[in-house]
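Below is one structure, written out as structure tokens; comments come after it.
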Amino acid sequence: MSSKLKHDASSSIDGTIYQFYIAIDKCFELLDGEKVIIEKYGDVTVSDKYQIEVKHYQEDLTDLHENIWKTIDNWRQNAFDISHYKNLILLTTQRFGVSSSFKEWNSRNKHEKKQILDGIILKYNQQSKKSESTKKLLNSVLNGNKTVKLLDLLEKFIILDSSAEDSTCYEQIKQKHGKSVLSSNADDYINSLMGYLLSPTVRIGESWEITYQGFTSKVGSLVNQFRSGTIVFPKKYANLNVSDGEINQHNEHLFVKKIEDIYYHEVKSKAISEYVRTNHTISQELGKYAIGRDHYNGYEQEIIDTYNPAYRKASRNTDKANCIKDSKNFYDSITGSESPQFIHFNDTPKYFRNGLLHGMANDEGKNIVWKLKVDENE
């Protein structure tokens with residue numbers, strides 16, 4: 001295929017999210033052997049079918065709006081091979097202006113489309129006040145040296161105006177593609193697909209490539225999870241064998257030092273293993289579910305709310321002579337208790353809760369310790 005387009009201005013966060021909504025919708029339309037490619041040849045590409053430039057704007061789509069002219073100019077570049085595509089599409093939330101010359105665009109042939117462009121630039125050149133950048137862009141599009149390619153792309157060029165805004169687009173995708181899961185799980189299902197599209201498994205450099213096979217497999221696994229009232233916690237790293245070398249690399253961590261404070265050396269390797277497995281699960285598995293930081297913050301707070309009263313109670317019931325023994329018992333009591341449920345997962349494992357607890361103990365700003373506090377007045 002062709003190289004990245006000439007005009008590559010950074011999108012806003014809303015625009016980027018909207019772009020991925022469009023990509024999700026197109027992924028559901030894929031046939032065997034096809035793929036959706038994001039940010040490589042343009043905004044959203046469906047291999048050997050069409051190239052889509054996605055615009056999330058509020059203002060009207062007027063005759064001189066750069067979204068139209070820059071899009072055409074991008075496709076006119078020598079590096080962009082239009083022969084790969086049956087259609088070149090500008091998909092935008094913008095509405096055509098009241099007096100727009102583009103209103104009947106999609107029903108025109110390539111010569112009529114060229115006449116529309118010629119008429120716009122002729123009218124613009126007759127204005128007394130002109131922007132040099134706009135004039136340069138219009139002249140670039142109508143450069144006589146590339147008229148043949150311009151006509152070829154105009155024949156394929158379609159404008160889809162007034163596309164649904166982001167929130168409406170999301171709801172449409174959910175209603176259209178979320179029928180195979182419980183309605184109460186539809187949001188989590190679509191958000192998990194969004195997480196998959198953004199995951200390292202489909203990212204190649206600065207672009208994303210989602211194959212029919214990969215997307216179909218992911219949809220199948222998510223449907224199995226979200227078609228019932230509960231979600232199975234990912235188990236890929238549940239029994240991960242953490243090497244001695246990796247354990248040794250963590251020996252100087254603060255959370256390990258806090259275990260050493262109570263001379264509980266025999267549990268250090270297990271604690272490090274829980275910490276490592278939890279971090280792998282979060283980065284490699286839960287990242288596919290597009291879980292927000294607020295979910296983790298809420299779960300960590302739930303862990304702390306269990307830890308704090310237990311720590312105070314255990315501290316009240318110890319003394320200097322029994323502090324270390326009671327601290328070990330406290331450690332076993334906390335790490336051996338059942339884990340609270342993490343969001344919608346019905347079987348959140350102890351190692352995951354413990355790994356997060358060790359992570360909080362590793363943070364100097366959080367007061368998670370294992371050595372009980374002895375009343376100095378006893």
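Convention: chains lettered A, B, ... in structure tokens order; per-chain residue numbering from 1; ligands numbered from 1 as shown.
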* Asked: Residues at most 12 Å from range 160-167 of chain A, counting only C-alpha atoms, excluding those fewer than 3 positions away in the same chain, as a PyMOL selection string?
  -> chain A and resi 13-22+52-62+67-68+87-97+100+102-106+157+170-174
Select from range 181-276 of chain A every residue with an atom at most 12 Å from any atom of range 45-51 of chain A, then for each give the shortest pair of atoms and their distance in Å to one decimal, using only C-alpha atoms, rows by chain and rising number, as CSV.
residue,atom,partner,partner_atom,distance
A:Ser207,CA,A:Thr45,CA,11.0
A:Trp208,CA,A:Thr45,CA,10.3
A:Glu209,CA,A:Thr45,CA,9.3
A:Ile210,CA,A:Val46,CA,9.7
A:Thr211,CA,A:Ser47,CA,9.8
A:Tyr212,CA,A:Val46,CA,10.7
* Mind pulling up the distance from CA of Asp363 in chain A to CA of Arg312 in chain A? ->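 If I compute the distance from CA of Arg312 in chain A to CA of Asp363 in chain A, I get 20.0 Å.
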* Figure out the distance between CA of Gly336 in chain A and CA of Glu266 in chain A, please, to one decimal in Å. =>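 The value is 15.1 Å.
Between CA of Pro200 in chain A and CA of Leu182 in chain A there is a distance of 27.7 Å.
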* **Near-Lys257 in chain A list (12 Å; only C-alpha atoms; drop same-chain fewer than 3 positions) as a ChimeraX atom specification** => /A:250-254,260-265,267-268,271-272,358,361-362,364,368-371
* Can you tell me, as a list in words, what residues are no more than 12 Å from range 304-307 of chain A when counting only C-alpha atoms, ignoring any on the same chain fewer than 4 positions away? ->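 So, after excluding close chain neighbours, the residues are Asn297, Gly298, Tyr299, Glu300, Tyr311, Arg312, Lys313, Ala314, Phe330, Tyr331, Ser333, Ile334, Thr335, Ser337, Glu338, Ser339, Pro340, Arg353, Asn354, Leu356, Leu357, His358, Met360, Ala361, Lys366, Asn367, Ile368, Val369 and Trp370 of chain A.
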Limited to C-alpha atoms, could you put the picked residues into a file as a PDB file, in the first residue's frame?
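Below is the file part-v4.pdb, written as the result:
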ATOM      1  CA  ASN A 297      -8.246   3.081  42.800  1.00  0.00           C
ATOM      2  CA  GLY A 298     -11.618   1.856  44.053  1.00  0.00           C
ATOM      3  CA  TYR A 299     -10.371  -1.701  44.463  1.00  0.00           C
ATOM      4  CA  GLU A 300      -7.219  -0.577  46.273  1.00  0.00           C
ATOM      5  CA  TYR A 311      -4.141  -3.790  61.622  1.00  0.00           C
ATOM      6  CA  ARG A 312      -5.508  -1.668  64.476  1.00  0.00           C
ATOM      7  CA  LYS A 313      -7.170  -4.690  66.094  1.00  0.00           C
ATOM      8  CA  ALA A 314      -4.064  -6.863  65.790  1.00  0.00           C
ATOM      9  CA  PHE A 330      -1.510 -10.772  60.842  1.00  0.00           C
ATOM     10  CA  TYR A 331       0.297 -11.139  57.491  1.00  0.00           C
ATOM     11  CA  SER A 333      -4.596 -13.503  58.006  1.00  0.00           C
ATOM     12  CA  ILE A 334      -4.664 -10.637  55.498  1.00  0.00           C
ATOM     13  CA  THR A 335      -2.997 -12.403  52.547  1.00  0.00           C
ATOM     14  CA  SER A 337      -8.377 -14.095  53.326  1.00  0.00           C
ATOM     15  CA  GLU A 338     -10.779 -14.211  50.388  1.00  0.00           C
ATOM     16  CA  SER A 339     -10.340 -11.463  47.820  1.00  0.00           C
ATOM     17  CA  PRO A 340     -13.070  -8.890  47.256  1.00  0.00           C
ATOM     18  CA  ARG A 353      -5.376  -8.808  45.629  1.00  0.00           C
ATOM     19  CA  ASN A 354      -2.067  -9.613  47.350  1.00  0.00           C
ATOM     20  CA  LEU A 356      -1.866  -4.988  44.600  1.00  0.00           C
ATOM     21  CA  LEU A 357      -1.352  -4.963  48.377  1.00  0.00           C
ATOM     22  CA  HIS A 358       2.388  -5.507  47.934  1.00  0.00           C
ATOM     23  CA  MET A 360       0.782  -0.376  47.855  1.00  0.00           C
ATOM     24  CA  ALA A 361       3.319  -1.486  50.481  1.00  0.00           C
ATOM     25  CA  LYS A 366       0.842   4.576  51.574  1.00  0.00           C
ATOM     26  CA  ASN A 367       1.004   3.334  55.163  1.00  0.00           C
ATOM     27  CA  ILE A 368       0.935  -0.420  54.503  1.00  0.00           C
ATOM     28  CA  VAL A 369       3.230  -2.263  56.933  1.00  0.00           C
ATOM     29  CA  TRP A 370       3.259  -5.745  58.467  1.00  0.00           C
TER      30      TRP A 370
END
* DSSP strand (DSSP E or B) selection over range 185-282 of chain A, as a list in words -> Arg203, Ile204, Ser207, Trp208, Glu209, Ile210, Thr211 and Ile231 of chain A
Just the selected residues (C-alpha atoms), exported as an mmCIF file, in the first residue's frame, please.
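Final file, result_3.cif:
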data_model
loop_
_atom_site.group_PDB
_atom_site.id
_atom_site.type_symbol
_atom_site.label_atom_id
_atom_site.label_comp_id
_atom_site.auth_asym_id
_atom_site.auth_seq_id
_atom_site.Cartn_x
_atom_site.Cartn_y
_atom_site.Cartn_z
ATOM 1 C CA ARG A 203 -0.125 -2.224 17.490
ATOM 2 C CA ILE A 204 2.682 -2.102 14.964
ATOM 3 C CA SER A 207 -0.313 2.117 13.687
ATOM 4 C CA TRP A 208 -2.776 -0.654 14.549
ATOM 5 C CA GLU A 209 -3.690 -3.640 12.363
ATOM 6 C CA ILE A 210 -6.743 -5.708 13.263
ATOM 7 C CA THR A 211 -7.164 -8.872 11.239
ATOM 8 C CA ILE A 231 -16.944 -12.537 34.035
#
* **Selected residue of minimal separation from Leu153 in chain A among A:His177, A:Lys123, A:His111, A:Arg316, counting only C-alpha atoms** => A:His111
* Could you check which of A:Ile343, A:Ile116, A:Leu138, A:Leu150 is closest to Glu302 in chain A, using only C-alpha atoms? =>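 Going through A:Ile343, A:Ile116, A:Leu138, A:Leu150 one by one, the smallest distance to Glu302 in chain A is for A:Ile343.
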* Pick out the closest residue to Gly359 in chain A from this set: A:Ser192, A:Asn346, A:Asn279, A:Asn322. Count only C-alpha atoms. =>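 The closest residue to Gly359 in chain A is A:Asn279.
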* **Long-range neighbours of Asn139 in chain A as a list in words, 12 Å cut-off, only C-alpha atoms, 6 positions minimum in chain** => Trp69, Lys70, Ile72, Asp73, Leu117, Asp118, Ile120, Ile121, Leu122, Tyr124, Asn125, Glu132, Ser133, Asn145, Lys146 and Thr147 of chain A
* range 234-239 of chain A surroundings by only C-alpha atoms, 8 Å radius, close-in-sequence under 2 positions cut, as a PyMOL selection string -> chain A and resi 232+241+277-278+280-281+285-286+351
Output for the residues just chosen: C-alpha atoms as a PDB file, in the first residue's frame:
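Dumped to again.pdb:
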ATOM      1  CA  VAL A 232     -14.169 -15.095  34.441  1.00  0.00           C
ATOM      2  CA  ASN A 241       6.678 -19.545  37.201  1.00  0.00           C
ATOM      3  CA  ARG A 277       2.026 -12.042  38.351  1.00  0.00           C
ATOM      4  CA  THR A 278      -0.325  -9.184  39.230  1.00  0.00           C
ATOM      5  CA  HIS A 280       1.719  -9.039  34.204  1.00  0.00           C
ATOM      6  CA  THR A 281      -2.027  -9.586  34.512  1.00  0.00           C
ATOM      7  CA  GLU A 285      -4.563  -9.151  30.204  1.00  0.00           C
ATOM      8  CA  LEU A 286      -6.731  -6.609  32.006  1.00  0.00           C
ATOM      9  CA  TYR A 351      -2.695 -13.485  44.286  1.00  0.00           C
TER      10      TYR A 351
END
* **Neighbour list for Asn185 in chain A as a list in words, cut-off 8 Å, only C-alpha atoms, skip fewer than 3 positions in-chain** =>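 Listed by chain and then number, they are Val181, Leu182, Asp188, Tyr189, Phe226, Arg227 and Gly229 of chain A.
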* Asked: Smallest atom-to-atom distance to Leu154 in chain A: which of A:Lys258, A:His84, A:Lys136, A:Lys110, using only C-alpha atoms?
  -> A:Lys110
